[in-house]
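Asker: Below is entry_15.csv; it holds CSV, C-alpha atoms and all ligand atoms.
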chain,number,residue,atom,x,y,z
A,15,MET,CA,0.0,0.0,0.0
A,16,THR,CA,1.5,3.4,-1.0
A,17,MET,CA,0.1,6.7,0.3
A,18,ILE,CA,1.1,9.8,-1.7
A,19,LEU,CA,0.4,13.3,-0.6
A,20,ALA,CA,0.2,15.5,-3.7
A,21,ILE,CA,0.4,19.3,-4.1
A,22,GLU,CA,-0.7,21.3,-7.2
A,23,THR,CA,-0.3,25.1,-7.5
A,24,SER,CA,0.7,25.5,-11.2
A,25,CYS,CA,-1.9,28.2,-12.1
A,26,ASP,CA,-4.9,29.4,-10.1
A,27,GLU,CA,-6.0,26.4,-8.0
A,28,THR,CA,-4.4,25.7,-4.7
A,29,ALA,CA,-4.8,22.0,-4.3
A,30,CYS,CA,-3.7,19.1,-2.1
A,31,ALA,CA,-4.8,15.4,-2.2
A,32,VAL,CA,-4.0,12.1,-0.6
A,33,VAL,CA,-4.0,9.2,-3.0
A,34,LYS,CA,-3.7,5.5,-2.2
A,35,ASP,CA,-1.9,3.2,-4.7
A,36,GLY,CA,-2.3,5.8,-7.5
A,37,LYS,CA,-6.0,4.9,-7.9
A,38,GLU,CA,-8.0,5.6,-4.8
A,39,ILE,CA,-8.7,9.3,-3.8
A,40,LEU,CA,-8.8,9.6,0.0
A,41,SER,CA,-9.1,13.4,-0.2
A,42,ASN,CA,-8.9,16.0,-3.0
A,43,ILE,CA,-9.1,19.6,-1.8
A,44,VAL,CA,-9.1,22.4,-4.5
A,45,SER,CA,-9.3,26.0,-3.5
A,46,SER,CA,-10.1,28.0,-6.6
A,47,GLN,CA,-9.1,31.6,-7.1
A,48,ILE,CA,-11.5,32.1,-10.0
A,49,ASN,CA,-13.6,34.7,-8.2
A,50,VAL,CA,-10.6,36.9,-7.8
A,51,HIS,CA,-9.2,36.5,-11.3
A,52,THR,CA,-12.7,37.0,-12.9
A,53,MET,CA,-12.4,40.7,-11.7
A,54,TYR,CA,-9.3,41.1,-14.0
A,55,GLY,CA,-10.6,39.0,-16.9
A,56,GLY,CA,-7.8,36.4,-16.6
A,57,VAL,CA,-5.2,35.0,-14.2
A,58,VAL,CA,-2.9,37.7,-12.8
A,59,PRO,CA,0.3,35.8,-12.0
A,60,GLU,CA,1.4,38.0,-9.1
A,61,VAL,CA,-2.0,37.8,-7.5
A,62,ALA,CA,-2.2,34.0,-8.0
A,63,SER,CA,1.1,33.3,-6.2
A,64,ARG,CA,0.1,35.6,-3.3
A,65,ILE,CA,-3.2,33.7,-2.9
A,66,HIS,CA,-1.4,30.4,-3.0
A,67,VAL,CA,0.8,31.5,-0.1
A,68,GLU,CA,-2.3,32.6,1.9
A,69,ASN,CA,-4.2,29.3,1.3
A,70,ILE,CA,-1.6,26.5,0.9
A,71,SER,CA,-1.3,25.6,4.6
A,72,ALA,CA,-5.1,25.4,5.2
A,73,VAL,CA,-5.5,23.3,2.0
A,74,ILE,CA,-2.8,20.8,3.0
A,75,GLU,CA,-4.2,20.6,6.6
A,76,GLU,CA,-7.7,19.9,5.2
A,77,ALA,CA,-6.5,17.3,2.7
A,78,VAL,CA,-4.7,15.4,5.4
A,79,ARG,CA,-7.6,15.6,7.9
A,80,GLU,CA,-10.2,14.5,5.4
A,81,SER,CA,-8.0,11.5,4.2
A,82,GLY,CA,-7.8,10.2,7.8
A,83,VAL,CA,-4.2,9.3,7.1
A,84,ARG,CA,-1.5,10.4,9.6
A,85,MET,CA,1.6,12.3,8.1
A,86,GLU,CA,3.7,9.4,9.5
A,87,ASP,CA,1.9,7.0,7.2
A,88,ILE,CA,2.5,9.0,4.0
A,89,ASP,CA,5.1,7.4,1.8
A,90,ALA,CA,6.1,10.3,-0.4
A,91,ILE,CA,5.3,14.0,-1.3
A,92,ALA,CA,4.5,14.6,-4.9
A,93,TYR,CA,4.3,18.1,-6.3
A,94,THR,CA,3.9,19.9,-9.6
A,95,GLN,CA,7.3,21.0,-10.8
A,96,GLY,CA,6.0,22.5,-14.1
A,97,PRO,CA,4.9,23.7,-16.5
A,98,GLY,CA,3.0,26.6,-15.1
A,99,LEU,CA,3.4,30.1,-13.7
A,100,ILE,CA,6.8,30.4,-11.9
A,101,GLY,CA,5.5,32.3,-8.8
A,102,SER,CA,2.6,29.9,-8.4
A,103,LEU,CA,4.7,26.8,-8.8
A,104,HIS,CA,7.3,28.0,-6.3
A,105,VAL,CA,4.7,28.0,-3.5
A,106,GLY,CA,3.8,24.3,-4.1
A,107,VAL,CA,7.5,23.3,-4.4
A,108,GLN,CA,8.4,25.0,-1.1
A,109,ALA,CA,5.4,23.5,0.7
A,110,ALA,CA,6.4,20.0,-0.6
A,111,LYS,CA,10.0,20.5,0.5
A,112,THR,CA,9.0,21.7,3.9
A,113,LEU,CA,6.8,18.7,4.5
A,114,ALA,CA,9.5,16.4,3.2
A,115,LEU,CA,12.1,17.9,5.5
A,116,LEU,CA,9.8,18.0,8.5
A,117,TYR,CA,8.5,14.4,8.2
A,118,ASP,CA,11.5,12.9,6.5
A,119,LYS,CA,9.7,11.8,3.3
A,120,PRO,CA,11.0,11.4,-0.3
A,121,LEU,CA,10.0,14.0,-2.9
A,122,LEU,CA,8.4,13.2,-6.3
A,123,PRO,CA,8.5,16.1,-8.8
A,124,VAL,CA,5.7,15.6,-11.3
A,125,ASN,CA,5.0,17.1,-14.7
A,126,HIS,CA,1.6,18.8,-14.7
A,127,MET,CA,0.7,17.4,-18.1
A,128,CYS,CA,1.5,13.8,-17.1
A,129,GLY,CA,-0.8,14.4,-14.2
A,130,HIS,CA,-3.7,15.3,-16.5
A,131,ILE,CA,-3.1,12.1,-18.5
A,132,TYR,CA,-2.9,9.9,-15.4
A,133,ALA,CA,-6.1,11.4,-14.0
A,134,ASN,CA,-7.8,8.9,-16.3
A,135,SER,CA,-6.5,6.0,-14.1
A,136,PHE,CA,-9.1,7.0,-11.5
A,137,VAL,CA,-11.8,5.8,-13.9
A,138,SER,CA,-10.2,3.1,-16.0
A,139,GLU,CA,-7.1,0.8,-16.0
A,140,LEU,CA,-4.9,2.5,-18.6
A,141,LYS,CA,-4.0,0.2,-21.5
A,142,PHE,CA,-0.9,0.7,-23.7
A,143,PRO,CA,-0.1,1.7,-26.3
A,144,LEU,CA,-2.2,4.7,-25.5
A,145,MET,CA,-2.9,8.0,-27.2
A,146,ALA,CA,-3.8,11.1,-25.1
A,147,LEU,CA,-5.4,14.3,-26.3
A,148,VAL,CA,-4.2,16.8,-23.7
A,149,VAL,CA,-6.1,20.0,-23.9
A,150,SER,CA,-5.9,22.8,-21.4
A,151,GLY,CA,-5.4,26.5,-20.9
A,152,GLY,CA,-1.7,26.2,-21.7
A,153,HIS,CA,-1.4,23.1,-23.9
A,154,SER,CA,-2.9,21.3,-26.9
A,155,GLU,CA,-1.0,18.1,-27.5
A,156,LEU,CA,-1.4,14.7,-28.9
A,157,VAL,CA,0.8,12.4,-26.8
A,158,TRP,CA,1.7,8.8,-27.9
A,159,MET,CA,2.5,6.4,-25.1
A,160,GLU,CA,4.0,3.2,-26.4
A,161,ASP,CA,4.1,2.0,-22.8
A,162,ASP,CA,3.4,3.2,-19.2
A,163,TRP,CA,5.4,6.4,-18.4
A,164,HIS,CA,6.7,6.8,-21.9
A,165,PHE,CA,5.7,10.0,-23.6
A,166,GLU,CA,6.1,11.1,-27.2
A,167,VAL,CA,4.5,14.4,-28.2
A,168,ILE,CA,3.4,13.8,-31.9
A,169,GLY,CA,1.4,17.0,-32.3
A,170,THR,CA,1.2,20.4,-30.6
A,171,THR,CA,0.2,24.0,-31.1
A,172,PHE,CA,2.8,26.6,-32.1
A,173,ASP,CA,0.5,29.5,-31.2
A,174,ASP,CA,-2.5,29.6,-28.8
A,175,ALA,CA,-3.6,26.6,-26.7
A,176,ILE,CA,-7.3,25.6,-27.2
A,177,GLY,CA,-8.3,26.7,-23.6
A,178,GLU,CA,-6.5,30.0,-24.2
A,179,ALA,CA,-8.5,30.5,-27.4
A,180,TYR,CA,-11.8,29.8,-25.6
A,181,ASP,CA,-10.8,32.3,-22.9
A,182,LYS,CA,-9.8,35.0,-25.4
A,183,VAL,CA,-12.9,34.7,-27.5
A,184,ALA,CA,-15.0,34.9,-24.3
A,185,ARG,CA,-13.2,38.0,-23.3
A,186,VAL,CA,-13.8,39.6,-26.8
A,187,LEU,CA,-17.5,38.7,-26.4
A,188,GLY,CA,-17.5,40.2,-22.9
A,189,LEU,CA,-18.4,36.9,-21.3
A,190,GLY,CA,-16.0,36.8,-18.3
A,191,TYR,CA,-13.3,34.3,-17.2
A,192,PRO,CA,-12.7,31.3,-17.6
A,193,GLY,CA,-14.3,31.5,-21.0
A,194,GLY,CA,-14.4,27.7,-21.8
A,195,PRO,CA,-17.3,26.7,-19.6
A,196,ILE,CA,-19.2,29.9,-20.5
A,197,ILE,CA,-19.0,29.4,-24.3
A,198,ASP,CA,-19.7,25.7,-23.9
A,199,LYS,CA,-23.0,26.5,-22.1
A,200,MET,CA,-23.9,29.5,-24.3
A,201,ALA,CA,-23.4,27.6,-27.5
A,202,LYS,CA,-26.3,25.3,-26.6
A,203,ASP,CA,-28.6,28.3,-27.2
A,204,GLY,CA,-27.0,29.2,-30.4
A,205,ASN,CA,-27.8,28.6,-34.1
A,206,PRO,CA,-25.7,27.8,-37.2
A,207,HIS,CA,-25.7,31.4,-38.4
A,208,TYR,CA,-22.0,32.3,-38.6
A,209,LYS,CA,-19.3,30.3,-40.3
A,210,LEU,CA,-15.7,30.1,-39.1
A,211,PRO,CA,-12.7,28.6,-41.0
A,212,VAL,CA,-11.3,25.3,-39.8
A,213,PRO,CA,-7.7,26.0,-38.8
A,214,LYS,CA,-5.0,24.6,-41.1
A,215,THR,CA,-1.5,23.6,-40.0
A,216,ALA,CA,1.7,22.3,-41.7
A,217,GLY,CA,2.1,19.4,-39.4
A,218,ARG,CA,-0.2,16.4,-39.8
A,219,TYR,CA,-1.1,16.2,-36.1
A,220,ASP,CA,-0.4,19.9,-35.1
A,221,PHE,CA,-3.0,22.3,-33.9
A,222,SER,CA,-3.5,26.1,-34.4
A,223,PHE,CA,-6.0,28.4,-32.7
A,224,SER,CA,-4.7,32.0,-33.2
A,225,GLY,CA,-6.2,32.2,-36.7
A,226,LEU,CA,-9.5,31.0,-35.4
A,227,LYS,CA,-9.4,33.6,-32.7
A,228,SER,CA,-8.6,36.3,-35.3
A,229,ALA,CA,-11.5,35.0,-37.5
A,230,VAL,CA,-13.9,35.6,-34.6
A,231,LEU,CA,-12.6,39.2,-34.2
A,232,GLN,CA,-13.0,39.8,-37.9
A,233,LEU,CA,-16.5,38.4,-37.8
A,234,ILE,CA,-17.5,40.8,-35.0
A,235,GLU,CA,-15.9,43.8,-36.8
A,236,ARG,CA,-17.6,42.9,-40.1
A,237,GLU,CA,-21.0,42.5,-38.5
A,238,LYS,CA,-20.6,45.8,-36.6
A,239,LYS,CA,-19.6,47.6,-39.8
A,240,GLN,CA,-22.7,46.3,-41.5
A,241,GLY,CA,-24.8,47.5,-38.6
A,242,ASN,CA,-25.9,44.1,-37.6
A,243,VAL,CA,-26.5,43.0,-34.0
A,244,ILE,CA,-24.0,40.4,-33.0
A,245,VAL,CA,-25.8,37.3,-31.7
A,246,THR,CA,-23.4,36.1,-29.0
A,247,GLU,CA,-25.0,32.7,-28.7
A,248,ASP,CA,-24.5,32.2,-32.4
A,249,VAL,CA,-20.8,33.2,-32.3
A,250,ALA,CA,-20.3,30.8,-29.3
A,251,TYR,CA,-22.1,28.1,-31.4
A,252,ALA,CA,-19.8,28.7,-34.4
A,253,PHE,CA,-16.6,28.5,-32.2
A,254,GLN,CA,-17.9,25.5,-30.4
A,255,GLU,CA,-18.4,23.6,-33.7
A,256,THR,CA,-15.1,24.6,-35.2
A,257,ALA,CA,-12.4,24.5,-32.4
A,258,PRO,CA,-13.2,21.0,-31.1
A,259,TYR,CA,-13.7,19.6,-34.6
A,260,SER,CA,-10.2,20.7,-35.6
A,261,MET,CA,-8.8,18.7,-32.7
A,262,VAL,CA,-11.1,15.7,-33.2
A,263,SER,CA,-10.3,15.3,-36.9
A,264,LYS,CA,-6.5,15.2,-36.2
A,265,THR,CA,-7.0,12.9,-33.2
A,266,ILE,CA,-9.0,10.4,-35.2
A,267,ASP,CA,-6.4,10.5,-38.0
A,268,ALA,CA,-3.7,9.7,-35.3
A,269,VAL,CA,-5.8,6.9,-33.9
A,270,LYS,CA,-6.3,5.3,-37.3
A,271,THR,CA,-2.6,5.5,-38.0
A,272,TYR,CA,-1.1,4.6,-34.6
A,273,LYS,CA,-3.8,2.1,-33.6
A,274,PRO,CA,-3.6,2.5,-29.8
A,275,LYS,CA,-5.5,0.2,-27.4
A,276,MET,CA,-6.9,3.3,-25.7
A,277,ILE,CA,-7.5,7.0,-26.4
A,278,VAL,CA,-7.9,9.3,-23.4
A,279,LEU,CA,-9.0,12.9,-23.1
A,280,ALA,CA,-7.1,15.0,-20.6
A,281,GLY,CA,-7.0,18.6,-19.2
A,282,GLY,CA,-9.5,21.4,-18.5
A,283,VAL,CA,-10.9,21.5,-22.1
A,284,ALA,CA,-11.7,17.7,-21.8
A,285,ALA,CA,-14.7,19.0,-19.9
A,286,ASN,CA,-16.1,20.5,-23.1
A,287,SER,CA,-19.4,18.9,-24.0
A,288,ARG,CA,-19.0,19.2,-27.7
A,289,LEU,CA,-15.5,17.7,-27.7
A,290,ARG,CA,-16.7,14.8,-25.6
A,291,GLU,CA,-19.7,14.3,-27.9
A,292,MET,CA,-17.7,14.4,-31.1
A,293,MET,CA,-15.1,12.0,-29.7
A,294,ARG,CA,-17.9,9.6,-28.7
A,295,GLU,CA,-19.5,9.8,-32.2
A,296,GLU,CA,-16.2,9.3,-34.1
A,297,MET,CA,-14.8,6.6,-31.8
A,298,ALA,CA,-18.0,4.6,-32.2
A,299,GLN,CA,-16.7,3.8,-35.7
A,300,ILE,CA,-13.3,2.5,-34.2
A,301,PRO,CA,-14.4,-0.1,-31.6
A,302,GLU,CA,-10.9,-1.7,-31.4
A,303,THR,CA,-9.7,1.4,-29.6
A,304,GLU,CA,-11.3,2.1,-26.2
A,305,LEU,CA,-12.3,5.7,-25.5
A,306,VAL,CA,-11.9,7.1,-22.0
A,307,ILE,CA,-13.5,10.4,-21.1
A,308,PRO,CA,-12.6,11.6,-17.6
A,309,PRO,CA,-15.3,12.8,-15.3
A,310,MET,CA,-15.5,16.5,-14.7
A,311,TYR,CA,-13.8,16.5,-11.3
A,312,CYS,CA,-10.5,15.3,-12.8
A,313,CYS,CA,-10.5,17.4,-16.0
A,314,THR,CA,-9.6,20.8,-14.5
A,315,ASP,CA,-6.6,21.3,-12.3
A,316,ASN,CA,-6.5,19.2,-9.1
A,317,ALA,CA,-3.9,17.5,-6.9
A,318,ALA,CA,-5.3,14.0,-7.1
A,319,MET,CA,-4.0,13.7,-10.7
A,320,ILE,CA,-0.5,14.7,-9.4
A,321,GLY,CA,-0.9,11.9,-6.9
A,322,ALA,CA,-1.8,9.4,-9.6
A,323,ALA,CA,1.2,10.4,-11.8
A,324,GLY,CA,3.4,10.6,-8.6
A,325,TYR,CA,2.6,7.0,-7.9
A,326,ILE,CA,4.0,5.9,-11.2
A,327,ALA,CA,7.1,8.1,-10.5
A,328,TRP,CA,7.3,6.3,-7.2
A,329,LYS,CA,7.2,2.9,-8.8
A,330,HIS,CA,10.0,4.0,-11.1
A,331,GLN,CA,11.9,5.4,-8.1
A,332,GLU,CA,12.1,8.8,-9.8
A,333,PHE,CA,12.8,10.8,-6.6
A,334,GLY,CA,13.6,14.5,-6.5
A,335,THR,CA,16.1,16.3,-4.3
A,336,PHE,CA,16.0,19.5,-2.3
A,337,ARG,CA,18.0,21.2,-5.0
A,338,ASP,CA,15.1,20.8,-7.5
A,339,SER,CA,13.3,23.9,-8.4
A,340,ALA,CA,10.1,24.9,-10.1
A,341,ASP,CA,10.4,24.7,-13.9
A,342,PRO,CA,7.7,26.9,-15.7
A,343,GLY,CA,8.7,25.5,-19.1
A,344,LEU,CA,9.1,21.8,-18.1
A,345,THR,CA,8.6,19.4,-21.0
A,346,MET,CA,7.3,15.9,-20.7
A,347,PRO,CA,9.8,13.1,-20.0
A,348,GLY,CA,11.2,12.1,-23.3
A,349,GLU,CA,10.2,15.4,-25.0
A,350,ILE,CA,12.9,17.5,-26.6
A,351,ASP,CA,13.2,21.1,-25.2
B,401,LIG,O1,-6.3,22.1,-17.1
B,401,LIG,P1,-6.8,23.4,-16.6
B,401,LIG,O2,-7.6,23.5,-15.4
B,401,LIG,O3,-5.6,24.4,-16.4
B,401,LIG,C1,-4.4,24.4,-17.2
B,401,LIG,O4,-3.6,23.4,-17.0
B,401,LIG,O5,-4.4,25.2,-18.1
B,401,LIG,O6,-7.6,24.1,-17.9
B,401,LIG,C2,-8.1,25.3,-17.8
B,401,LIG,C3,-8.7,25.7,-19.2
B,401,LIG,C4,-9.3,27.1,-19.3
B,401,LIG,O7,-8.7,27.7,-20.5
B,401,LIG,C5,-10.8,26.9,-19.4
B,401,LIG,O8,-11.4,27.9,-20.1
B,401,LIG,C6,-10.8,25.5,-20.1
B,401,LIG,O9,-9.8,24.8,-19.5
B,401,LIG,N1,-12.1,24.9,-19.9
B,401,LIG,C7,-13.0,24.6,-20.9
B,401,LIG,C8,-14.1,24.0,-20.3
B,401,LIG,N2,-13.9,23.9,-18.9
B,401,LIG,C9,-12.7,24.4,-18.7
B,401,LIG,N3,-12.9,24.9,-22.2
B,401,LIG,C10,-14.0,24.5,-23.0
B,401,LIG,N4,-15.1,24.0,-22.5
B,401,LIG,C11,-15.2,23.7,-21.2
B,401,LIG,N5,-16.3,23.1,-20.7
B,402,ZN,ZN,-3.9,21.9,-16.0
In structure tokens, write the structure found in this file.
Ligand code: KG4
Ligand code: ZN

Answerer:
Amino acid sequence: MTMILAIETSCDETACAVVKDGKEILSNIVSSQINVHTMYGGVVPEVASRIHVENISAVIEEAVRESGVRMEDIDAIAYTQGPGLIGSLHVGVQAAKTLALLYDKPLLPVNHMCGHIYANSFVSELKFPLMALVVSGGHSELVWMEDDWHFEVIGTTFDDAIGEAYDKVARVLGLGYPGGPIIDKMAKDGNPHYKLPVPKTAGRYDFSFSGLKSAVLQLIEREKKQGNVIVTEDVAYAFQETAPYSMVSKTIDAVKTYKPKMIVLAGGVAANSRLREMMREEMAQIPETELVIPPMYCCTDNAAMIGAAGYIAWKHQEFGTFRDSADPGLTMPGEID
């Protein structure tokens, strides 16, 4: 039996969890700062790190209390080393080191994106080779995993991440932050009135979202010039049909070529209803590959997922040291910088 205490502070959630054997969540506390950042229309890094400092002790205390596990019985402390905001990451790293020093526990530095992928192990036994579509506020990646804990990024975005595009379009439409869930909901009341171009990229499995974002801006400008009222729901509908489709079509192409045993969705944008629906529809035609769609609680940032990935790091004896530091640009193991 392995008990891992995990800490996640890479962006705007202060989170701590206790996870048993990488699969069973004994506690999963997430303190969101969304209310504060909403006032500014996005995450303000300096504000985020200050709130992490204020909340981290209480969040850890609550996670330990709720788990019913004594600190003495924790086997290791996992923490998000990167990628993320440097000031935010530092708070989690220092908290993890403090606990490790105080209770004489080994440290497990974890890549945030690996955490998103391994969140799926709470709902299904992962089967390899596996393909992961990792979509969040900072990343849009297709990751090929020939085996457990082997990562090869076969597709990425060289401009905006999908979540970032959702957030920016929502800001332009005056809808608030974070934009993804708002557009997702609003699109359900929209109609197929506007058309947006499906993004094109040079790389077969790469993504691009800045052109799509510009197309939304141009659409709004054009409508304004023509004196038309912009139907926000219809813009949301057009974006919600186009952005997920561009990812799903590439993902299906990759699935047909690589033939994985399993395809998993991961990251905050995996909560998107249209992305989930399109993946279900398309994957129904490819029954030899199992589709895993994570439940909402493990799509957006949380510490349980860091505990799940930390458990695999523990099995591989990939311990950190007190010299390790936060790494805002951390790449996945096996990925070239
Ligand atoms: O994984 P996450 O919590 O943080 C990062 O690692 O970035 O992802 C946050 C992102 C935000 O951009 C948010 O707008 C987006 O996930 N998001 C969604 C939905 N829920 C969250 N995007 C589209 N549809 C959603 N339902
Ligand atoms: Zn994330």

Asker: Go through A:Ala175, A:Met127, A:Met200, A:Ala317 and flag the residue nearest A:Pro258, using only C-alpha atoms for the distances.

Answerer: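 Going through A:Ala175, A:Met127, A:Met200, A:Ala317 one by one, the smallest distance to A:Pro258 is for A:Ala175.
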
Asker: If the limit is 7 Å from any atom of ligand ZN 402 (chain B), counting only C-alpha atoms and all ligand atoms, which residues qualify? Return them as a list of chain:residue names.

Answerer: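 After applying the 7 Å limit, what remains is A:His126, A:Met127, A:His130, A:Ser150, A:Gly151, A:Gly281, A:Gly282, A:Thr314, A:Asp315.
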
Asker: Using only C-alpha atoms, which residues sit within 7 Å of A:Tyr132 once same-chain residues fewer than 3 positions away are excluded, as a VMD selection string?

Answerer: chain A and resid 128 to 129 135 319 322 to 323

Asker: Could you dump the residues just selected with C-alpha atoms as a compact mmCIF listing (two decimals), in the frame of the given file?

Answerer:
# COMPACT_ATOMS: atom_id res chain seq x y z
CA CYS A 128 1.50 13.80 -17.10
CA GLY A 129 -0.80 14.40 -14.20
CA SER A 135 -6.50 6.00 -14.10
CA MET A 319 -4.00 13.70 -10.70
CA ALA A 322 -1.80 9.40 -9.60
CA ALA A 323 1.20 10.40 -11.80

Asker: Here is a test: counting all atoms listed in the file, which residue of A:Asp198, A:Leu113, A:Lys209, A:Tyr191 is nearest to A:Ser71?

Answerer: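 Using all atoms listed in the file, A:Ser71 sits closest to A:Leu113.
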
Asker: With all atoms listed in the file counted, collect every polymer residue having an atom within 9 Å of ligand LIG 401 (chain B); state the result as an MDAnalysis selection string.

Answerer: chainID A and resid 24:27 97:98 126:127 130 148:153 175:182 184 191:199 254 258 280:289 310 313:316

Asker: Which residue is closest to A:Lys273? Choose from A:Asp220, A:Asp174, A:Glu296, A:Glu160 and count all atoms listed in the file.

Answerer: A:Glu160

Asker: Near A:Phe136, within 8 Å and counting all atoms listed in the file, which residues show up once chain neighbours fewer than 6 positions away are dropped, as number ranges by chain?

Answerer: A: 36-38, 322
